[in-house]
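Below is the file protein06.csv, which contains CSV, N, CA and C atoms and all ligand atoms.
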```
chain,number,residue,atom,x,y,z
A,1,MET,N,96.2,116.1,100.2
A,1,MET,CA,95.2,115.0,99.9
A,1,MET,C,94.0,115.6,99.4
A,2,ILE,N,93.5,115.1,98.2
A,2,ILE,CA,92.3,115.5,97.7
A,2,ILE,C,91.2,114.4,97.8
A,3,HIS,N,90.0,114.8,98.1
A,3,HIS,CA,88.9,113.8,98.3
A,3,HIS,C,88.0,113.8,97.1
A,4,VAL,N,87.8,112.7,96.5
A,4,VAL,CA,87.2,112.6,95.2
A,4,VAL,C,86.1,111.5,95.3
A,5,THR,N,84.9,111.8,94.7
A,5,THR,CA,83.8,110.8,94.6
A,5,THR,C,83.8,110.4,93.2
A,6,ALA,N,83.4,109.1,92.9
A,6,ALA,CA,83.3,108.6,91.6
A,6,ALA,C,82.1,107.6,91.5
A,7,ALA,N,81.5,107.5,90.3
A,7,ALA,CA,80.3,106.8,90.2
A,7,ALA,C,80.4,105.4,89.5
A,8,ILE,N,79.7,104.5,90.0
A,8,ILE,CA,79.5,103.2,89.3
A,8,ILE,C,78.1,103.3,88.8
A,9,LEU,N,78.0,103.6,87.5
A,9,LEU,CA,76.7,103.7,86.8
A,9,LEU,C,76.6,102.6,85.8
A,10,ARG,N,75.5,101.7,86.0
A,10,ARG,CA,75.4,100.5,85.1
A,10,ARG,C,74.2,100.7,84.1
A,11,ASN,N,74.4,100.2,83.0
A,11,ASN,CA,73.3,100.2,82.0
A,11,ASN,C,72.4,98.9,82.1
A,12,GLU,N,71.5,98.8,81.2
A,12,GLU,CA,70.5,97.6,81.4
A,12,GLU,C,71.3,96.3,81.1
A,13,SER,N,72.5,96.3,80.5
A,13,SER,CA,73.2,95.1,80.4
A,13,SER,C,74.3,94.9,81.5
A,14,ASN,N,74.1,95.7,82.5
A,14,ASN,CA,75.0,95.6,83.7
A,14,ASN,C,76.4,96.1,83.4
A,15,LYS,N,76.6,96.8,82.3
A,15,LYS,CA,77.9,97.3,82.0
A,15,LYS,C,78.1,98.7,82.7
A,16,ILE,N,79.3,99.0,83.0
A,16,ILE,CA,79.7,100.1,83.8
A,16,ILE,C,80.2,101.2,82.9
A,17,LEU,N,79.8,102.5,83.3
A,17,LEU,CA,80.3,103.6,82.5
A,17,LEU,C,81.7,104.1,82.9
A,18,ILE,N,82.6,104.2,82.0
A,18,ILE,CA,83.9,104.8,82.2
A,18,ILE,C,84.1,105.9,81.2
A,19,ALA,N,85.0,106.8,81.5
A,19,ALA,CA,85.3,107.9,80.6
A,19,ALA,C,86.8,108.2,80.6
A,20,ARG,N,87.3,108.7,79.5
A,20,ARG,CA,88.7,109.0,79.4
A,20,ARG,C,89.0,110.5,79.6
A,21,ARG,N,90.1,110.7,80.4
A,21,ARG,CA,90.5,112.1,80.7
A,21,ARG,C,91.2,112.6,79.5
A,22,PRO,N,90.8,113.8,79.1
A,22,PRO,CA,91.3,114.4,77.8
A,22,PRO,C,92.7,115.0,78.0
A,23,PRO,N,93.4,115.3,76.9
A,23,PRO,CA,94.7,116.0,76.9
A,23,PRO,C,94.5,117.3,77.7
A,24,GLY,N,95.6,117.7,78.4
A,24,GLY,CA,95.5,118.9,79.1
A,24,GLY,C,95.2,118.8,80.6
A,25,LYS,N,94.5,117.7,81.0
A,25,LYS,CA,94.2,117.4,82.4
A,25,LYS,C,95.3,116.6,83.0
A,26,ASN,N,95.4,116.6,84.3
A,26,ASN,CA,96.3,115.6,84.9
A,26,ASN,C,95.7,114.2,84.6
A,27,LEU,N,96.6,113.2,84.5
A,27,LEU,CA,96.2,111.8,84.2
A,27,LEU,C,95.5,111.7,82.8
A,28,ALA,N,95.9,112.6,81.9
A,28,ALA,CA,95.3,112.6,80.6
A,28,ALA,C,95.5,111.2,79.9
A,29,GLY,N,94.5,110.7,79.3
A,29,GLY,CA,94.6,109.4,78.6
A,29,GLY,C,94.2,108.3,79.5
A,30,TYR,N,94.1,108.5,80.8
A,30,TYR,CA,93.6,107.4,81.7
A,30,TYR,C,92.1,107.4,81.7
A,31,TRP,N,91.5,106.2,81.8
A,31,TRP,CA,90.1,106.1,82.0
A,31,TRP,C,89.8,106.1,83.5
A,32,GLU,N,88.5,106.6,83.8
A,32,GLU,CA,88.1,106.7,85.2
A,32,GLU,C,86.6,106.5,85.3
A,33,PHE,N,86.2,106.4,86.5
A,33,PHE,CA,84.7,106.5,86.8
A,33,PHE,C,84.4,108.0,86.9
A,34,PRO,N,83.3,108.5,86.3
A,34,PRO,CA,83.1,109.9,86.3
A,34,PRO,C,82.9,110.4,87.7
A,35,GLY,N,83.3,111.6,88.0
A,35,GLY,CA,83.2,112.2,89.3
A,35,GLY,C,84.2,113.3,89.5
A,36,GLY,N,84.5,113.7,90.7
A,36,GLY,CA,85.5,114.7,90.9
A,36,GLY,C,85.6,115.1,92.4
A,37,LYS,N,86.3,116.2,92.6
A,37,LYS,CA,86.6,116.6,93.9
A,37,LYS,C,85.4,117.1,94.7
A,38,ILE,N,85.4,116.7,96.0
A,38,ILE,CA,84.4,117.2,96.9
A,38,ILE,C,84.7,118.6,97.3
A,39,GLU,N,83.7,119.5,97.2
A,39,GLU,CA,83.9,120.9,97.5
A,39,GLU,C,83.6,121.1,99.0
A,40,GLU,N,84.0,122.3,99.5
A,40,GLU,CA,83.7,122.6,100.9
A,40,GLU,C,82.2,122.5,101.2
A,41,ASN,N,81.8,122.1,102.3
A,41,ASN,CA,80.4,122.0,102.8
A,41,ASN,C,79.5,121.2,101.9
A,42,GLU,N,80.1,120.2,101.3
A,42,GLU,CA,79.4,119.3,100.4
A,42,GLU,C,79.5,117.9,101.0
A,43,SER,N,78.4,117.1,101.0
A,43,SER,CA,78.5,115.7,101.3
A,43,SER,C,79.1,115.0,100.1
A,44,PRO,N,79.6,113.8,100.3
A,44,PRO,CA,80.0,113.0,99.1
A,44,PRO,C,78.9,112.8,98.1
A,45,GLU,N,77.7,112.5,98.6
A,45,GLU,CA,76.6,112.3,97.7
A,45,GLU,C,76.2,113.5,96.9
A,46,GLU,N,76.2,114.7,97.6
A,46,GLU,CA,75.9,115.9,96.8
A,46,GLU,C,77.0,116.2,95.8
A,47,SER,N,78.2,115.9,96.2
A,47,SER,CA,79.3,116.2,95.3
A,47,SER,C,79.2,115.3,94.0
A,48,LEU,N,78.9,114.1,94.2
A,48,LEU,CA,78.8,113.2,93.0
A,48,LEU,C,77.7,113.5,92.1
A,49,LYS,N,76.5,113.9,92.7
A,49,LYS,CA,75.4,114.3,91.9
A,49,LYS,C,75.7,115.6,91.1
A,50,ARG,N,76.4,116.5,91.7
A,50,ARG,CA,76.8,117.7,91.0
A,50,ARG,C,77.8,117.4,89.9
A,51,GLU,N,78.8,116.6,90.2
A,51,GLU,CA,79.8,116.3,89.2
A,51,GLU,C,79.2,115.6,88.0
A,52,LEU,N,78.3,114.7,88.2
A,52,LEU,CA,77.7,114.0,87.0
A,52,LEU,C,76.8,114.9,86.2
A,53,LYS,N,76.2,115.9,86.8
A,53,LYS,CA,75.5,116.9,86.1
A,53,LYS,C,76.5,117.8,85.3
A,54,GLU,N,77.6,118.2,85.9
A,54,GLU,CA,78.6,119.1,85.2
A,54,GLU,C,79.3,118.3,84.1
A,55,GLU,N,79.7,117.1,84.4
A,55,GLU,CA,80.6,116.4,83.4
A,55,GLU,C,79.8,115.7,82.3
A,56,MET,N,78.5,115.3,82.6
A,56,MET,CA,77.8,114.4,81.7
A,56,MET,C,76.4,114.9,81.4
A,57,ASN,N,76.0,115.9,82.1
A,57,ASN,CA,74.6,116.4,81.9
A,57,ASN,C,73.5,115.4,82.3
A,58,ILE,N,73.8,114.6,83.3
A,58,ILE,CA,72.8,113.6,83.7
A,58,ILE,C,72.5,113.8,85.2
A,59,THR,N,71.3,113.5,85.5
A,59,THR,CA,70.8,113.5,87.0
A,59,THR,C,70.8,112.1,87.5
A,60,VAL,N,71.6,111.9,88.6
A,60,VAL,CA,71.6,110.5,89.2
A,60,VAL,C,71.2,110.6,90.6
A,61,GLU,N,70.8,109.4,91.1
A,61,GLU,CA,70.6,109.2,92.5
A,61,GLU,C,71.8,108.4,93.0
A,62,VAL,N,72.3,108.9,94.1
A,62,VAL,CA,73.5,108.3,94.7
A,62,VAL,C,73.2,107.2,95.7
A,63,GLY,N,73.6,106.0,95.6
A,63,GLY,CA,73.3,104.9,96.5
A,63,GLY,C,74.4,104.6,97.4
A,64,LYS,N,74.6,103.3,97.6
A,64,LYS,CA,75.6,103.0,98.7
A,64,LYS,C,77.0,103.1,98.2
A,65,GLN,N,77.9,103.2,99.2
A,65,GLN,CA,79.3,103.3,98.9
A,65,GLN,C,79.8,101.9,98.6
A,66,LEU,N,80.6,101.8,97.5
A,66,LEU,CA,81.1,100.5,97.0
A,66,LEU,C,82.5,100.2,97.4
A,67,GLY,N,83.2,101.2,97.8
A,67,GLY,CA,84.6,101.0,98.2
A,67,GLY,C,85.3,102.4,98.3
A,68,GLU,N,86.5,102.3,98.9
A,68,GLU,CA,87.3,103.5,98.9
A,68,GLU,C,88.7,103.1,99.0
A,69,THR,N,89.6,104.0,98.5
A,69,THR,CA,91.0,103.7,98.5
A,69,THR,C,91.8,105.0,98.6
A,70,THR,N,93.0,104.9,99.0
A,70,THR,CA,93.9,106.1,99.0
A,70,THR,C,95.1,105.7,98.2
A,71,HIS,N,95.5,106.7,97.3
A,71,HIS,CA,96.6,106.4,96.4
A,71,HIS,C,97.5,107.6,96.3
A,72,THR,N,98.8,107.4,96.3
A,72,THR,CA,99.7,108.6,96.1
A,72,THR,C,100.3,108.5,94.7
A,73,TYR,N,100.0,109.6,94.0
A,73,TYR,CA,100.7,109.8,92.7
A,73,TYR,C,102.0,110.6,92.9
A,74,ASP,N,102.7,111.0,91.8
A,74,ASP,CA,103.9,111.7,91.9
A,74,ASP,C,103.8,113.0,92.8
A,75,THR,N,102.7,113.7,92.5
A,75,THR,CA,102.6,115.1,93.0
A,75,THR,C,101.4,115.3,94.0
A,76,PHE,N,100.5,114.3,94.2
A,76,PHE,CA,99.4,114.4,95.1
A,76,PHE,C,98.9,113.1,95.5
A,77,THR,N,98.1,113.1,96.6
A,77,THR,CA,97.5,111.9,97.1
A,77,THR,C,96.0,112.1,97.0
A,78,VAL,N,95.4,111.0,96.5
A,78,VAL,CA,93.9,111.1,96.3
A,78,VAL,C,93.2,110.0,97.2
A,79,HIS,N,92.2,110.5,97.8
A,79,HIS,CA,91.3,109.6,98.6
A,79,HIS,C,90.0,109.5,97.7
A,80,LEU,N,89.8,108.3,97.2
A,80,LEU,CA,88.8,108.1,96.2
A,80,LEU,C,87.7,107.2,96.8
A,81,MET,N,86.4,107.7,96.7
A,81,MET,CA,85.3,107.0,97.2
A,81,MET,C,84.3,106.6,96.0
A,82,LEU,N,84.0,105.4,96.0
A,82,LEU,CA,83.2,104.9,94.8
A,82,LEU,C,81.8,104.6,95.3
A,83,TYR,N,80.8,105.1,94.6
A,83,TYR,CA,79.4,105.0,95.0
A,83,TYR,C,78.6,104.4,93.8
A,84,GLU,N,77.6,103.5,94.2
A,84,GLU,CA,76.6,103.1,93.3
A,84,GLU,C,75.7,104.2,92.9
A,85,THR,N,75.4,104.4,91.6
A,85,THR,CA,74.4,105.4,91.2
A,85,THR,C,73.4,104.8,90.3
A,86,ALA,N,72.3,105.6,90.2
A,86,ALA,CA,71.2,105.2,89.2
A,86,ALA,C,70.8,106.4,88.4
A,87,LEU,N,70.6,106.2,87.1
A,87,LEU,CA,70.3,107.3,86.2
A,87,LEU,C,68.8,107.7,86.5
A,88,LEU,N,68.6,109.0,86.8
A,88,LEU,CA,67.2,109.5,86.9
A,88,LEU,C,66.7,110.1,85.6
A,89,SER,N,67.6,110.9,85.0
A,89,SER,CA,67.2,111.6,83.8
A,89,SER,C,68.4,112.1,83.0
A,90,GLY,N,68.2,112.3,81.7
A,90,GLY,CA,69.2,112.9,80.9
A,90,GLY,C,69.9,111.9,80.0
A,91,ASP,N,70.4,112.5,78.9
A,91,ASP,CA,71.2,111.7,77.9
A,91,ASP,C,72.7,112.1,78.1
A,92,ILE,N,73.6,111.2,78.1
A,92,ILE,CA,75.0,111.5,78.4
A,92,ILE,C,75.6,112.4,77.4
A,93,GLN,N,76.1,113.5,77.8
A,93,GLN,CA,76.9,114.4,76.9
A,93,GLN,C,78.3,114.5,77.6
A,94,LEU,N,79.3,114.3,76.8
A,94,LEU,CA,80.7,114.4,77.4
A,94,LEU,C,81.1,115.8,77.4
A,95,LYS,N,81.2,116.4,78.6
A,95,LYS,CA,81.7,117.8,78.7
A,95,LYS,C,83.1,117.9,79.2
A,96,GLU,N,83.6,116.9,79.8
A,96,GLU,CA,85.0,117.0,80.3
A,96,GLU,C,85.8,115.7,80.0
A,97,HIS,N,85.4,114.9,79.1
A,97,HIS,CA,86.1,113.7,78.7
A,97,HIS,C,86.2,113.6,77.2
A,98,ASP,N,87.1,112.8,76.7
A,98,ASP,CA,87.1,112.7,75.2
A,98,ASP,C,86.6,111.4,74.7
A,99,ARG,N,86.3,110.4,75.5
A,99,ARG,CA,85.7,109.2,75.1
A,99,ARG,C,84.9,108.6,76.3
A,100,MET,N,83.9,107.8,76.0
A,100,MET,CA,83.3,107.0,77.1
A,100,MET,C,83.1,105.6,76.6
A,101,ALA,N,82.9,104.7,77.5
A,101,ALA,CA,82.6,103.3,77.1
A,101,ALA,C,81.8,102.6,78.2
A,102,TRP,N,81.0,101.7,77.8
A,102,TRP,CA,80.2,100.8,78.8
A,102,TRP,C,80.9,99.5,78.8
A,103,VAL,N,81.4,99.0,79.9
A,103,VAL,CA,82.3,97.9,80.0
A,103,VAL,C,81.9,97.0,81.2
A,104,ALA,N,81.9,95.7,80.9
A,104,ALA,CA,81.7,94.7,81.9
A,104,ALA,C,82.8,94.8,83.0
A,105,ALA,N,82.5,94.5,84.2
A,105,ALA,CA,83.5,94.6,85.3
A,105,ALA,C,84.8,93.9,85.0
A,106,GLU,N,84.6,92.7,84.5
A,106,GLU,CA,85.8,91.9,84.2
A,106,GLU,C,86.6,92.4,83.0
A,107,GLU,N,86.1,93.4,82.3
A,107,GLU,CA,86.8,93.9,81.1
A,107,GLU,C,87.5,95.3,81.4
A,108,LEU,N,87.2,95.8,82.7
A,108,LEU,CA,87.7,97.1,83.0
A,108,LEU,C,89.3,97.1,82.9
A,109,LEU,N,89.9,96.0,83.2
A,109,LEU,CA,91.4,96.0,83.2
A,109,LEU,C,92.0,96.0,81.8
A,110,ASP,N,91.1,95.8,80.8
A,110,ASP,CA,91.6,96.0,79.4
A,110,ASP,C,91.8,97.4,79.0
A,111,TYR,N,91.3,98.3,79.9
A,111,TYR,CA,91.5,99.8,79.6
A,111,TYR,C,92.6,100.3,80.5
A,112,LEU,N,93.2,101.4,80.1
A,112,LEU,CA,94.2,102.0,80.9
A,112,LEU,C,93.5,102.8,82.0
A,113,MET,N,93.2,102.1,83.1
A,113,MET,CA,92.4,102.8,84.2
A,113,MET,C,93.4,103.6,85.1
A,114,ALA,N,92.9,104.7,85.7
A,114,ALA,CA,93.7,105.5,86.6
A,114,ALA,C,94.3,104.5,87.7
A,115,PRO,N,95.6,104.6,88.0
A,115,PRO,CA,96.2,103.7,88.9
A,115,PRO,C,95.5,103.6,90.3
A,116,ALA,N,94.9,104.7,90.8
A,116,ALA,CA,94.3,104.7,92.1
A,116,ALA,C,93.1,103.7,92.1
A,117,ASP,N,92.5,103.5,90.9
A,117,ASP,CA,91.3,102.7,90.8
A,117,ASP,C,91.5,101.1,90.9
A,118,LEU,N,92.7,100.7,90.7
A,118,LEU,CA,92.9,99.3,90.5
A,118,LEU,C,92.5,98.4,91.6
A,119,PRO,N,92.7,98.8,92.9
A,119,PRO,CA,92.2,97.9,94.0
A,119,PRO,C,90.7,97.8,94.0
A,120,MET,N,90.1,98.9,93.7
A,120,MET,CA,88.6,98.9,93.7
A,120,MET,C,88.0,98.1,92.6
A,121,ILE,N,88.7,98.1,91.5
A,121,ILE,CA,88.3,97.3,90.3
A,121,ILE,C,88.4,95.8,90.7
A,122,GLU,N,89.4,95.4,91.3
A,122,GLU,CA,89.6,94.0,91.8
A,122,GLU,C,88.3,93.6,92.6
A,123,ASN,N,87.9,94.5,93.5
A,123,ASN,CA,86.7,94.3,94.3
A,123,ASN,C,85.5,94.2,93.5
A,124,LEU,N,85.3,95.1,92.5
A,124,LEU,CA,84.1,95.0,91.6
A,124,LEU,C,84.0,93.7,90.9
A,125,ILE,N,85.2,93.2,90.4
A,125,ILE,CA,85.2,92.0,89.7
A,125,ILE,C,84.8,90.8,90.6
A,126,ASN,N,85.3,90.9,91.8
A,126,ASN,CA,85.0,89.7,92.7
A,126,ASN,C,83.6,89.7,93.2
A,127,THR,N,82.9,90.9,93.2
A,127,THR,CA,81.6,90.9,93.7
A,127,THR,C,80.5,91.0,92.6
A,128,ASP,N,80.9,90.9,91.4
A,128,ASP,CA,80.0,91.1,90.3
A,128,ASP,C,79.2,89.8,90.0
B,201,LIG,N1,86.6,111.2,88.8
B,201,LIG,C1,87.6,110.3,89.0
B,201,LIG,N2,88.8,110.8,89.4
B,201,LIG,C2,89.8,109.9,89.6
B,201,LIG,C3,89.6,108.5,89.5
B,201,LIG,N3,90.8,107.9,89.8
B,201,LIG,C4,91.7,108.8,90.0
B,201,LIG,O1,92.9,108.7,90.3
B,201,LIG,N4,91.1,110.1,90.0
B,201,LIG,C5,91.8,111.3,90.2
B,201,LIG,C6,92.0,112.1,88.9
B,201,LIG,C7,92.0,113.5,89.4
B,201,LIG,O2,93.4,113.9,89.8
B,201,LIG,C8,91.1,113.5,90.6
B,201,LIG,C9,89.7,113.9,90.3
B,201,LIG,O3,89.8,115.2,89.9
B,201,LIG,P1,89.0,115.8,88.7
B,201,LIG,O4,90.0,116.3,87.7
B,201,LIG,O5,88.0,114.8,88.1
B,201,LIG,O6,88.3,116.9,89.5
B,201,LIG,P2,87.0,117.7,89.0
B,201,LIG,O7,86.1,116.8,88.3
B,201,LIG,O8,86.5,118.3,90.3
B,201,LIG,O9,87.6,118.7,88.0
B,201,LIG,P3,88.4,120.0,88.0
B,201,LIG,O10,87.4,121.0,88.2
B,201,LIG,O11,89.4,119.9,89.2
B,201,LIG,O12,89.1,120.0,86.7
B,201,LIG,O13,91.1,112.2,91.1
B,201,LIG,C10,88.3,108.1,89.1
B,201,LIG,O14,88.0,106.9,88.9
B,201,LIG,N5,87.4,109.0,88.9
B,202,MG,MG,86.1,114.9,87.2
```

Kindly transcribe the structure held in the file into structure tokens.
Ligand SMILES: Nc1nc2c([nH]c(=O)n2[C@H]2C[C@H](O)[C@@H](COP(=O)(O)OP(=O)(O)OP(=O)(O)O)O2)c(=O)[nH]1
Ligand SMILES: [Mg+2]
Amino acid sequence: MIHVTAAILRNESNKILIARRPPGKNLAGYWEFPGGKIEENESPEESLKRELKEEMNITVEVGKQLGETTHTYDTFTVHLMLYETALLSGDIQLKEHDRMAWVAAEELLDYLMAPADLPMIENLINTD
């Protein structure tokens, strides 16, 4: 089981940032909320802050948890925790994805989102 944090980062139009996993990674071609695996001795909040710096070169503040889910893929199980975040500084640079998009909650399902995310997306749509 891997523990993963992921960010809901909204722009001034209330659109949500998603990014596409590049060729060569597992789940290549799937869109996701930026984030990654929690490392040893790291809180979820610290992990997410670190991941957004590494993956997008931005500094964020991590707010409240918006949901969590557990999903079993063919070869691993992921425990995914979604957090509200706010941009503190930086311009987004894609370091580990091949595309990004700002998307309204109700349009997230038009993208090929990682299967683990689908229950949380339903929640986002219903609470938006
Ligand atoms: N970040 C993120 N990962 C997700 C989402 N949905 C989902 O199934 N995952 C899966 C994909 C990966 O198998 C795993 C996250 O691992 P990752 O590859 O992003 O890990 P990482 O950023 O620490 O990168 P790496 O150093 O392991 O390459 O969780 C999501 O919405 N966001
Ligand atoms: Mg990642």

Pick from A:Ile92, A:Val78, A:Met56, A:Leu87: nearest to ligand LIG 201 (chain B), with only N, CA and C atoms and all ligand atoms counted?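 Closest to ligand LIG 201 (chain B), using only N, CA and C atoms and all ligand atoms: A:Val78.
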
Can you tell me which residues come within 8 Å of ligand LIG 201 (chain B) when counting only C-alpha atoms and all ligand atoms, ideally as a PDB file with N, CA and C atoms, keeping the file's coordinate frame?
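This is the output file result_12.pdb:
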```
ATOM      1  N   ILE A   2      93.500 115.100  98.200  1.00  0.00           N
ATOM      2  CA  ILE A   2      92.300 115.500  97.700  1.00  0.00           C
ATOM      3  C   ILE A   2      91.200 114.400  97.800  1.00  0.00           C
ATOM      4  N   HIS A   3      90.000 114.800  98.100  1.00  0.00           N
ATOM      5  CA  HIS A   3      88.900 113.800  98.300  1.00  0.00           C
ATOM      6  C   HIS A   3      88.000 113.800  97.100  1.00  0.00           C
ATOM      7  N   VAL A   4      87.800 112.700  96.500  1.00  0.00           N
ATOM      8  CA  VAL A   4      87.200 112.600  95.200  1.00  0.00           C
ATOM      9  C   VAL A   4      86.100 111.500  95.300  1.00  0.00           C
ATOM     10  N   THR A   5      84.900 111.800  94.700  1.00  0.00           N
ATOM     11  CA  THR A   5      83.800 110.800  94.600  1.00  0.00           C
ATOM     12  C   THR A   5      83.800 110.400  93.200  1.00  0.00           C
ATOM     13  N   ALA A   6      83.400 109.100  92.900  1.00  0.00           N
ATOM     14  CA  ALA A   6      83.300 108.600  91.600  1.00  0.00           C
ATOM     15  C   ALA A   6      82.100 107.600  91.500  1.00  0.00           C
ATOM     16  N   ALA A   7      81.500 107.500  90.300  1.00  0.00           N
ATOM     17  CA  ALA A   7      80.300 106.800  90.200  1.00  0.00           C
ATOM     18  C   ALA A   7      80.400 105.400  89.500  1.00  0.00           C
ATOM     19  N   LYS A  25      94.500 117.700  81.000  1.00  0.00           N
ATOM     20  CA  LYS A  25      94.200 117.400  82.400  1.00  0.00           C
ATOM     21  C   LYS A  25      95.300 116.600  83.000  1.00  0.00           C
ATOM     22  N   ASN A  26      95.400 116.600  84.300  1.00  0.00           N
ATOM     23  CA  ASN A  26      96.300 115.600  84.900  1.00  0.00           C
ATOM     24  C   ASN A  26      95.700 114.200  84.600  1.00  0.00           C
ATOM     25  N   LEU A  27      96.600 113.200  84.500  1.00  0.00           N
ATOM     26  CA  LEU A  27      96.200 111.800  84.200  1.00  0.00           C
ATOM     27  C   LEU A  27      95.500 111.700  82.800  1.00  0.00           C
ATOM     28  N   TRP A  31      91.500 106.200  81.800  1.00  0.00           N
ATOM     29  CA  TRP A  31      90.100 106.100  82.000  1.00  0.00           C
ATOM     30  C   TRP A  31      89.800 106.100  83.500  1.00  0.00           C
ATOM     31  N   GLU A  32      88.500 106.600  83.800  1.00  0.00           N
ATOM     32  CA  GLU A  32      88.100 106.700  85.200  1.00  0.00           C
ATOM     33  C   GLU A  32      86.600 106.500  85.300  1.00  0.00           C
ATOM     34  N   PHE A  33      86.200 106.400  86.500  1.00  0.00           N
ATOM     35  CA  PHE A  33      84.700 106.500  86.800  1.00  0.00           C
ATOM     36  C   PHE A  33      84.400 108.000  86.900  1.00  0.00           C
ATOM     37  N   PRO A  34      83.300 108.500  86.300  1.00  0.00           N
ATOM     38  CA  PRO A  34      83.100 109.900  86.300  1.00  0.00           C
ATOM     39  C   PRO A  34      82.900 110.400  87.700  1.00  0.00           C
ATOM     40  N   GLY A  35      83.300 111.600  88.000  1.00  0.00           N
ATOM     41  CA  GLY A  35      83.200 112.200  89.300  1.00  0.00           C
ATOM     42  C   GLY A  35      84.200 113.300  89.500  1.00  0.00           C
ATOM     43  N   GLY A  36      84.500 113.700  90.700  1.00  0.00           N
ATOM     44  CA  GLY A  36      85.500 114.700  90.900  1.00  0.00           C
ATOM     45  C   GLY A  36      85.600 115.100  92.400  1.00  0.00           C
ATOM     46  N   LYS A  37      86.300 116.200  92.600  1.00  0.00           N
ATOM     47  CA  LYS A  37      86.600 116.600  93.900  1.00  0.00           C
ATOM     48  C   LYS A  37      85.400 117.100  94.700  1.00  0.00           C
ATOM     49  N   ILE A  38      85.400 116.700  96.000  1.00  0.00           N
ATOM     50  CA  ILE A  38      84.400 117.200  96.900  1.00  0.00           C
ATOM     51  C   ILE A  38      84.700 118.600  97.300  1.00  0.00           C
ATOM     52  N   GLU A  51      78.800 116.600  90.200  1.00  0.00           N
ATOM     53  CA  GLU A  51      79.800 116.300  89.200  1.00  0.00           C
ATOM     54  C   GLU A  51      79.200 115.600  88.000  1.00  0.00           C
ATOM     55  N   GLU A  55      79.700 117.100  84.400  1.00  0.00           N
ATOM     56  CA  GLU A  55      80.600 116.400  83.400  1.00  0.00           C
ATOM     57  C   GLU A  55      79.800 115.700  82.300  1.00  0.00           C
ATOM     58  N   HIS A  71      95.500 106.700  97.300  1.00  0.00           N
ATOM     59  CA  HIS A  71      96.600 106.400  96.400  1.00  0.00           C
ATOM     60  C   HIS A  71      97.500 107.600  96.300  1.00  0.00           C
ATOM     61  N   VAL A  78      95.400 111.000  96.500  1.00  0.00           N
ATOM     62  CA  VAL A  78      93.900 111.100  96.300  1.00  0.00           C
ATOM     63  C   VAL A  78      93.200 110.000  97.200  1.00  0.00           C
ATOM     64  N   HIS A  79      92.200 110.500  97.800  1.00  0.00           N
ATOM     65  CA  HIS A  79      91.300 109.600  98.600  1.00  0.00           C
ATOM     66  C   HIS A  79      90.000 109.500  97.700  1.00  0.00           C
ATOM     67  N   LEU A  80      89.800 108.300  97.200  1.00  0.00           N
ATOM     68  CA  LEU A  80      88.800 108.100  96.200  1.00  0.00           C
ATOM     69  C   LEU A  80      87.700 107.200  96.800  1.00  0.00           C
ATOM     70  N   LEU A  82      84.000 105.400  96.000  1.00  0.00           N
ATOM     71  CA  LEU A  82      83.200 104.900  94.800  1.00  0.00           C
ATOM     72  C   LEU A  82      81.800 104.600  95.300  1.00  0.00           C
ATOM     73  N   MET A 113      93.200 102.100  83.100  1.00  0.00           N
ATOM     74  CA  MET A 113      92.400 102.800  84.200  1.00  0.00           C
ATOM     75  C   MET A 113      93.400 103.600  85.100  1.00  0.00           C
ATOM     76  N   ALA A 114      92.900 104.700  85.700  1.00  0.00           N
ATOM     77  CA  ALA A 114      93.700 105.500  86.600  1.00  0.00           C
ATOM     78  C   ALA A 114      94.300 104.500  87.700  1.00  0.00           C
ATOM     79  N   PRO A 115      95.600 104.600  88.000  1.00  0.00           N
ATOM     80  CA  PRO A 115      96.200 103.700  88.900  1.00  0.00           C
ATOM     81  C   PRO A 115      95.500 103.600  90.300  1.00  0.00           C
ATOM     82  N   ALA A 116      94.900 104.700  90.800  1.00  0.00           N
ATOM     83  CA  ALA A 116      94.300 104.700  92.100  1.00  0.00           C
ATOM     84  C   ALA A 116      93.100 103.700  92.100  1.00  0.00           C
ATOM     85  N   ASP A 117      92.500 103.500  90.900  1.00  0.00           N
ATOM     86  CA  ASP A 117      91.300 102.700  90.800  1.00  0.00           C
ATOM     87  C   ASP A 117      91.500 101.100  90.900  1.00  0.00           C
TER      88      ASP A 117
END
```

Rank A:Pro44, A:Glu12, A:Glu68, A:Ala104 by their smallest atom-to-atom distance to Met81 (chain A), using only N, CA and C atoms, and report the top residue only.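 Selected residue with least distance to Met81 (chain A): A:Glu68.
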
Let's see if you can do this: from backbone DSSP, list all alpha helix (DSSP H) residues in chain A, as a list in words.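 Those in chain A that DSSP calls alpha helix (DSSP H) are Pro44, Glu45, Glu46, Ser47, Leu48, Lys49, Arg50, Glu51, Leu52, Lys53, Glu54, Glu55, Met56, Leu118, Pro119, Met120, Ile121, Glu122, Asn123, Leu124, Ile125, Asn126 and Thr127 of chain A.
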
Please report, as a list in words, each residue of region 30-83 of chain A to which DSSP assigns strand (DSSP E or B) when run on this structure's backbone. Trp31, Glu32, Gly35, Gly36, Lys37, Thr59, Val60, Glu61, Val62, Gly63, Lys64, Gln65, Leu66, Gly67, Glu68, Thr69, Thr70, His71, Thr72, Thr77, Val78, His79, Leu80, Met81, Leu82 and Tyr83 of chain A

Go through A:Gly67, A:Ser89, A:Tyr83, A:Leu52 one by one, measure the shortest atom-to-atom distance of each to ligand MG 202 (chain B) using only N, CA and C atoms and all ligand atoms, and give the residue with the smallest value.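 Comparing A:Gly67, A:Ser89, A:Tyr83, A:Leu52 against ligand MG 202 (chain B), the winner is A:Leu52.
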
Atom C of Trp102 (chain A) to atom C of Ala19 (chain A) measures 10.7 Å

Find the residue from A:Asn123, A:Ser47, A:Gln93, A:Thr70 that sits nearest to ligand MG 202 (chain B); use only C-alpha atoms and all ligand atoms when measuring.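 Nearest to ligand MG 202 (chain B): A:Ser47.
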
Rounded to one decimal place, report the atom N of Lys95 (chain A)-atom C of Ile18 (chain A) distance in Å. 11.2 Å

Closest of A:Met1, A:Thr77, A:Asn11, A:Ile16 to Ala101 (chain A) - atom-to-atom distances counting all atoms listed in the file: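 Closest to Ala101 (chain A) of all the choices is A:Ile16.
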